[in-house]
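Student: Sharing data-v7.tsv below, TSV, C-alpha atoms:
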chain	number	residue	atom	x	y	z
U	1	MET	CA	-78.92	-95.80	-10.89
U	2	GLU	CA	-81.01	-98.93	-11.01
U	3	ILE	CA	-84.10	-99.31	-8.85
U	4	LYS	CA	-85.62	-102.67	-8.11
U	5	GLN	CA	-89.33	-103.16	-8.23
U	6	THR	CA	-91.38	-106.30	-7.78
U	7	GLY	CA	-92.66	-107.93	-10.93
U	8	PRO	CA	-95.24	-110.69	-11.35
U	9	LEU	CA	-95.10	-113.46	-8.75
U	10	GLY	CA	-92.77	-111.35	-6.64
U	11	ARG	CA	-89.81	-111.59	-9.04
U	12	PRO	CA	-87.50	-108.57	-8.66
U	13	ARG	CA	-87.33	-106.40	-11.75
U	14	GLY	CA	-85.06	-103.42	-12.25
U	15	PHE	CA	-85.44	-100.23	-14.22
U	16	ASP	CA	-82.99	-97.49	-15.01
U	17	ALA	CA	-84.11	-94.54	-12.91
U	18	ASP	CA	-81.81	-92.12	-14.73
U	19	ALA	CA	-83.26	-93.09	-18.10
U	20	ALA	CA	-86.78	-92.89	-16.70
U	21	LEU	CA	-86.13	-89.41	-15.31
U	22	GLU	CA	-84.68	-88.32	-18.65
U	23	ARG	CA	-87.86	-89.41	-20.41
U	24	ALA	CA	-90.02	-87.67	-17.80
U	25	MET	CA	-88.03	-84.49	-18.33
U	26	LEU	CA	-88.74	-84.65	-22.07
U	27	VAL	CA	-92.49	-85.09	-21.43
U	28	PHE	CA	-92.59	-82.07	-19.10
U	29	TRP	CA	-90.48	-80.10	-21.57
U	30	GLU	CA	-92.86	-80.81	-24.43
U	31	HIS	CA	-96.20	-80.58	-22.63
U	32	GLY	CA	-95.59	-78.39	-19.56
U	33	TYR	CA	-96.45	-79.40	-16.01
U	34	GLU	CA	-100.23	-79.57	-16.32
U	35	GLY	CA	-100.17	-80.83	-19.89
U	36	ALA	CA	-98.10	-83.85	-18.84
U	37	SER	CA	-100.62	-86.38	-17.54
U	38	LEU	CA	-99.69	-89.23	-15.24
U	39	ALA	CA	-100.40	-91.63	-18.10
U	40	ASN	CA	-98.08	-89.66	-20.43
U	41	LEU	CA	-95.34	-89.77	-17.84
U	42	THR	CA	-95.56	-93.43	-16.87
U	43	ASP	CA	-95.89	-94.52	-20.51
U	44	ALA	CA	-92.78	-92.56	-21.45
U	45	MET	CA	-90.87	-93.76	-18.39
U	46	GLY	CA	-91.89	-97.36	-19.00
U	47	ILE	CA	-93.00	-97.94	-15.40
U	48	SER	CA	-96.22	-98.20	-13.44
U	49	SER	CA	-97.63	-95.31	-11.44
U	50	THR	CA	-96.86	-97.26	-8.26
U	51	SER	CA	-93.21	-97.54	-9.27
U	52	MET	CA	-93.12	-93.87	-10.21
U	53	TYR	CA	-94.40	-92.80	-6.81
U	54	ALA	CA	-92.00	-95.16	-5.04
U	55	ALA	CA	-88.98	-93.96	-6.99
U	56	PHE	CA	-89.68	-90.27	-7.54
U	57	GLY	CA	-92.55	-89.20	-5.29
U	58	ASN	CA	-95.65	-87.44	-6.59
U	59	LYS	CA	-95.92	-85.53	-9.87
U	60	GLU	CA	-94.67	-82.27	-8.39
U	61	GLU	CA	-91.63	-83.98	-6.88
U	62	LEU	CA	-90.96	-85.69	-10.19
U	63	PHE	CA	-91.12	-82.31	-11.91
U	64	ARG	CA	-88.63	-80.86	-9.43
U	65	LYS	CA	-86.23	-83.70	-10.18
U	66	ALA	CA	-86.78	-83.27	-13.93
U	67	LEU	CA	-86.08	-79.52	-13.67
U	68	GLN	CA	-82.87	-80.25	-11.80
U	69	ARG	CA	-81.86	-82.69	-14.52
U	70	TYR	CA	-82.66	-80.04	-17.13
U	71	SER	CA	-80.48	-77.52	-15.27
U	72	GLU	CA	-77.55	-79.92	-15.16
U	73	GLY	CA	-78.04	-81.14	-18.74
U	74	PRO	CA	-79.65	-79.11	-21.54
U	75	SER	CA	-79.49	-75.85	-19.58
U	76	ALA	CA	-75.91	-76.33	-18.35
U	77	TYR	CA	-74.77	-73.84	-20.99
U	78	LEU	CA	-75.67	-71.02	-18.58
U	79	ALA	CA	-73.14	-72.06	-15.94
U	80	GLN	CA	-70.54	-72.54	-18.67
U	81	ALA	CA	-71.31	-69.14	-20.21
U	82	LEU	CA	-70.73	-67.39	-16.90
U	83	GLN	CA	-67.10	-68.52	-17.05
U	84	GLU	CA	-66.43	-66.50	-20.21
U	85	PRO	CA	-63.74	-63.86	-19.60
U	86	THR	CA	-65.82	-60.87	-20.76
U	87	ALA	CA	-69.41	-59.77	-20.26
U	88	LEU	CA	-69.94	-59.77	-24.02
U	89	GLY	CA	-68.58	-63.30	-24.14
U	90	VAL	CA	-71.04	-64.29	-21.41
U	91	ALA	CA	-73.98	-62.75	-23.26
U	92	THR	CA	-72.94	-64.29	-26.58
U	93	ALA	CA	-72.59	-67.73	-25.03
U	94	VAL	CA	-75.91	-67.45	-23.17
U	95	LEU	CA	-77.87	-66.59	-26.30
U	96	ALA	CA	-76.01	-69.11	-28.47
U	97	GLY	CA	-76.74	-71.78	-25.86
U	98	THR	CA	-80.38	-70.77	-25.78
U	99	VAL	CA	-80.70	-71.00	-29.55
U	100	ARG	CA	-78.90	-74.33	-29.65
U	101	THR	CA	-80.83	-75.93	-26.79
U	102	THR	CA	-84.28	-74.75	-27.86
U	103	THR	CA	-83.94	-75.94	-31.47
U	104	ARG	CA	-82.32	-79.38	-31.27
U	105	PRO	CA	-84.16	-81.77	-33.63
U	106	ALA	CA	-84.15	-84.68	-31.16
U	107	GLN	CA	-85.59	-82.65	-28.27
U	108	PRO	CA	-88.71	-80.58	-27.65
U	109	HIS	CA	-88.35	-77.01	-28.87
U	110	GLY	CA	-88.50	-74.16	-26.41
U	111	CYS	CA	-87.36	-74.08	-22.79
U	112	LEU	CA	-88.58	-76.30	-19.95
U	113	GLY	CA	-88.33	-73.30	-17.64
U	114	VAL	CA	-90.85	-71.48	-19.84
U	115	GLN	CA	-92.97	-74.33	-21.18
U	116	GLY	CA	-93.34	-75.89	-17.75
U	117	ALA	CA	-94.92	-72.73	-16.38
U	118	LEU	CA	-97.86	-72.74	-18.78
U	119	THR	CA	-100.30	-73.76	-16.06
U	120	SER	CA	-103.60	-72.23	-15.15
U	121	SER	CA	-105.15	-74.07	-12.20
U	122	ASP	CA	-104.41	-73.74	-8.51
U	123	SER	CA	-102.69	-77.12	-8.59
U	124	GLY	CA	-99.92	-75.60	-10.68
U	125	ARG	CA	-99.22	-72.68	-8.36
U	126	GLU	CA	-96.28	-74.28	-6.57
U	127	VAL	CA	-94.74	-75.27	-9.89
U	128	ARG	CA	-95.18	-71.72	-11.21
U	129	ASP	CA	-93.48	-70.43	-8.07
U	130	LEU	CA	-90.70	-72.98	-8.50
U	131	LEU	CA	-90.10	-71.84	-12.08
U	132	VAL	CA	-90.23	-68.17	-11.15
U	133	ALA	CA	-87.48	-68.92	-8.62
U	134	TRP	CA	-85.56	-70.97	-11.19
U	135	ARG	CA	-85.62	-68.16	-13.73
U	136	GLY	CA	-84.85	-65.65	-10.99
U	137	ASN	CA	-81.76	-67.61	-10.01
U	138	GLY	CA	-80.50	-67.49	-13.59
U	139	TYR	CA	-81.06	-63.75	-13.70
U	140	THR	CA	-79.25	-63.27	-10.38
U	141	CYS	CA	-76.22	-65.24	-11.54
U	142	ILE	CA	-75.98	-63.14	-14.70
U	143	ARG	CA	-76.47	-59.87	-12.80
U	144	GLU	CA	-73.70	-60.77	-10.35
U	145	ARG	CA	-71.40	-61.68	-13.23
U	146	PHE	CA	-72.11	-58.33	-14.91
U	147	GLN	CA	-71.48	-56.52	-11.63
U	148	ARG	CA	-68.03	-58.10	-11.55
U	149	ALA	CA	-67.54	-56.95	-15.14
U	150	VAL	CA	-68.33	-53.38	-14.07
U	151	ASP	CA	-66.00	-53.64	-11.08
U	152	ASP	CA	-63.22	-55.01	-13.30
U	153	GLY	CA	-63.66	-52.31	-15.94
U	154	ASP	CA	-64.94	-54.72	-18.59
U	155	LEU	CA	-68.25	-52.83	-18.68
U	156	PRO	CA	-68.58	-49.02	-18.47
U	157	PRO	CA	-68.93	-47.75	-14.88
U	158	GLU	CA	-72.38	-46.31	-15.60
U	159	THR	CA	-73.73	-49.72	-16.65
U	160	ASP	CA	-76.69	-51.02	-14.63
U	161	PRO	CA	-75.87	-54.75	-14.19
U	162	GLY	CA	-79.42	-55.59	-13.18
U	163	LEU	CA	-80.97	-53.93	-16.21
U	164	LEU	CA	-78.44	-55.51	-18.56
U	165	ALA	CA	-79.06	-58.94	-17.04
U	166	ARG	CA	-82.81	-58.41	-17.38
U	167	TYR	CA	-82.35	-57.44	-21.01
U	168	LEU	CA	-80.32	-60.56	-21.73
U	169	THR	CA	-82.71	-62.95	-19.99
U	170	THR	CA	-85.71	-61.33	-21.66
U	171	VAL	CA	-84.15	-61.83	-25.07
U	172	GLY	CA	-83.22	-65.39	-24.16
U	173	TYR	CA	-86.70	-66.35	-23.03
U	174	GLY	CA	-88.17	-64.60	-26.05
U	175	ILE	CA	-85.97	-66.76	-28.26
U	176	ALA	CA	-87.20	-69.84	-26.41
U	177	VAL	CA	-90.83	-68.87	-26.99
U	178	GLN	CA	-90.17	-68.27	-30.68
U	179	ALA	CA	-88.39	-71.64	-30.93
U	180	ALA	CA	-91.41	-73.37	-29.41
U	181	SER	CA	-93.52	-71.67	-32.08
U	182	GLY	CA	-91.39	-73.19	-34.82
U	183	VAL	CA	-89.01	-70.36	-35.71
U	184	GLY	CA	-85.80	-71.84	-37.12
U	185	ARG	CA	-82.32	-71.83	-35.62
U	186	ASP	CA	-80.77	-69.52	-38.22
U	187	GLU	CA	-83.38	-66.83	-37.73
U	188	LEU	CA	-83.14	-67.09	-33.96
U	189	GLN	CA	-79.37	-66.72	-34.12
U	190	GLU	CA	-79.83	-63.59	-36.20
U	191	ILE	CA	-82.11	-62.24	-33.46
U	192	ALA	CA	-79.44	-63.01	-30.88
U	193	ASP	CA	-76.77	-61.30	-32.97
U	194	THR	CA	-78.98	-58.24	-33.41
U	195	ALA	CA	-79.65	-58.05	-29.67
U	196	LEU	CA	-75.90	-57.90	-28.98
U	197	ARG	CA	-75.04	-55.40	-31.70
U	198	ASN	CA	-75.15	-52.39	-29.37
U	199	TRP	CA	-73.54	-54.07	-26.38
U	200	PRO	CA	-71.90	-51.55	-23.99
U	201	LEU	CA	-68.13	-51.66	-24.19
U	202	SER	CA	-65.68	-50.05	-21.80
Starting from the coordinates I provided, produce the structure as structure tokens.
Tutor:
Amino acid sequence: MEIKQTGPLGRPRGFDADAALERAMLVFWEHGYEGASLANLTDAMGISSTSMYAAFGNKEELFRKALQRYSEGPSAYLAQALQEPTALGVATAVLAGTVRTTTRPAQPHGCLGVQGALTSSDSGREVRDLLVAWRGNGYTCIRERFQRAVDDGDLPPETDPGLLARYLTTVGYGIAVQAASGVGRDELQEIADTALRNWPLS
């Protein structure tokens, strides 16, 4: 998508809104919501603050759009993992996707859904709530998938789908935090493998 803005002397000038949003997503991913200043964002996006507001709204609205882009891009592995034919396959794909996404050399390490929530002032409350809901939606999708696995006999009938989904998401977010701290991909994959070693089988 290309958005036109007015340059010097009224000459129309375009910028690639998709590319600008991608760069904004990377800034939020690296610095979190509060850590990403307006200057950081506009410098990375290559546009003025006026153009940013006109194209994307205020900072919070820009963050919402960046989080959506993250969900459909780097974090798309979750939706793909849910299509695996077994619950163990789902869990394996979720953790492998987490390790892969949080340790790519060309991207910030960690998870936008975790890093973005590292806010402390009242101005970040709505963003914290947004990310709580975002993480909660991921948990709900996994829990529902595990419930189907119980119903289909893929998981033992005594399995608590909610607890198992909470376990998986807790491990996943823990991996993301460790990745942001500099722990390497191989070690994180070993953690993921260890977490799945005692997976309940029917």
Student: Given all atoms listed in the file as the basis, pick out the residue of U:Gly184, U:Pro200, U:Gly172, U:Gly73 nearest to Thr159 in chain U.
Tutor: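 Using all atoms listed in the file, the shortest distance to Thr159 in chain U belongs to U:Pro200.
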Student: Can you list, as a VMD selection string, every protein, DNA or RNA residue that comes within 9 Å of Arg135 in chain U when you count all atoms listed in the file, leaving out same-chain residues fewer than 6 positions away?
Tutor: chain U and resid 113 to 114 169
Student: For His109 in chain U, find every residue with an atom within 9 Å (counting all atoms listed in the file), except residues of its own chain fewer than 2 positions away, and show them as a list in words.
Tutor: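 Counting only the stated atoms, we get Trp29, Glu30, Thr101, Thr102, Thr103, Arg104, Pro105, Gln107, Cys111, Leu112, Ala176, Val177, Ala179, Ala180, Ser181 and Gly182 of chain U.
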Student: As an exercise, work out the distance from CA of Ala106 in chain U to CA of Asp129 in chain U in Å and give it to one decimal place.
Tutor: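 One can read the CA of Ala106 in chain U to CA of Asp129 in chain U distance as 28.7 Å.
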Student: Which residue out of U:Glu144, U:Asp193, U:Ala54, U:Ala20 has the minimum interatomic distance to Ala87 in chain U when only C-alpha atoms are used?
Tutor: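 Nearest to Ala87 in chain U: U:Glu144.
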Student: Go through U:Leu131, U:Val94, U:Leu82, U:Ala76 and flag the residue nearest Ala149 in chain U, using all atoms listed in the file for the distances.
Tutor: U:Leu82
Student: Just the number, please: distance in Å from CA of Ala93 in chain U to CA of Thr140 in chain U, one decimal.
Tutor: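 Taking CA of Ala93 in chain U as the start and CA of Thr140 in chain U as the end point, the length is 16.7 Å.
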Student: Which is closer to Val183 in chain U than all the others in U:Val99, U:Pro161, U:Val150, U:Gly116, using all atoms listed in the file?
Tutor: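 Closest residue, counting all atoms listed in the file: U:Val99.
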Student: Please determine, counting all atoms listed in the file, which residue among U:Cys141, U:Asp154, U:Glu61, U:Arg23 has the shortest atom-to-atom distance to Asn40 in chain U.
Tutor: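 Closest to Asn40 in chain U, using all atoms listed in the file: U:Arg23.
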Student: Determine the nearest neighbour of Arg100 in chain U from the options U:Trp199, U:Trp134, U:Tyr70, U:Tyr77, counting all atoms listed in the file.
Tutor: U:Tyr77
Student: Which residues, written as a ChimeraX atom specification, have at least one atom at most 8 Å from range 24-27 of chain U, with only C-alpha atoms counted and residues fewer than 5 positions away on the same chain left out?
Tutor: /U:32,36,40-41,44-45,62-63,66-67,69-70,107-108
Student: Need the axis-aligned box for range 94-106 of chain U with 3 Å each side, so what are the centre and edges in Å to one decimal, as lines of an AutoDock Vina configuration file?
Tutor:
center_x = -80.1
center_y = -75.6
center_z = -28.4
size_x = 14.4
size_y = 24.1
size_z = 16.5
Student: For the atom pair CA of Phe28 in chain U and CA of Ile47 in chain U, what is the interatomic distance in Å to one decimal place?
Tutor: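 For CA of Phe28 in chain U relative to CA of Ile47 in chain U, the distance reads 16.3 Å.
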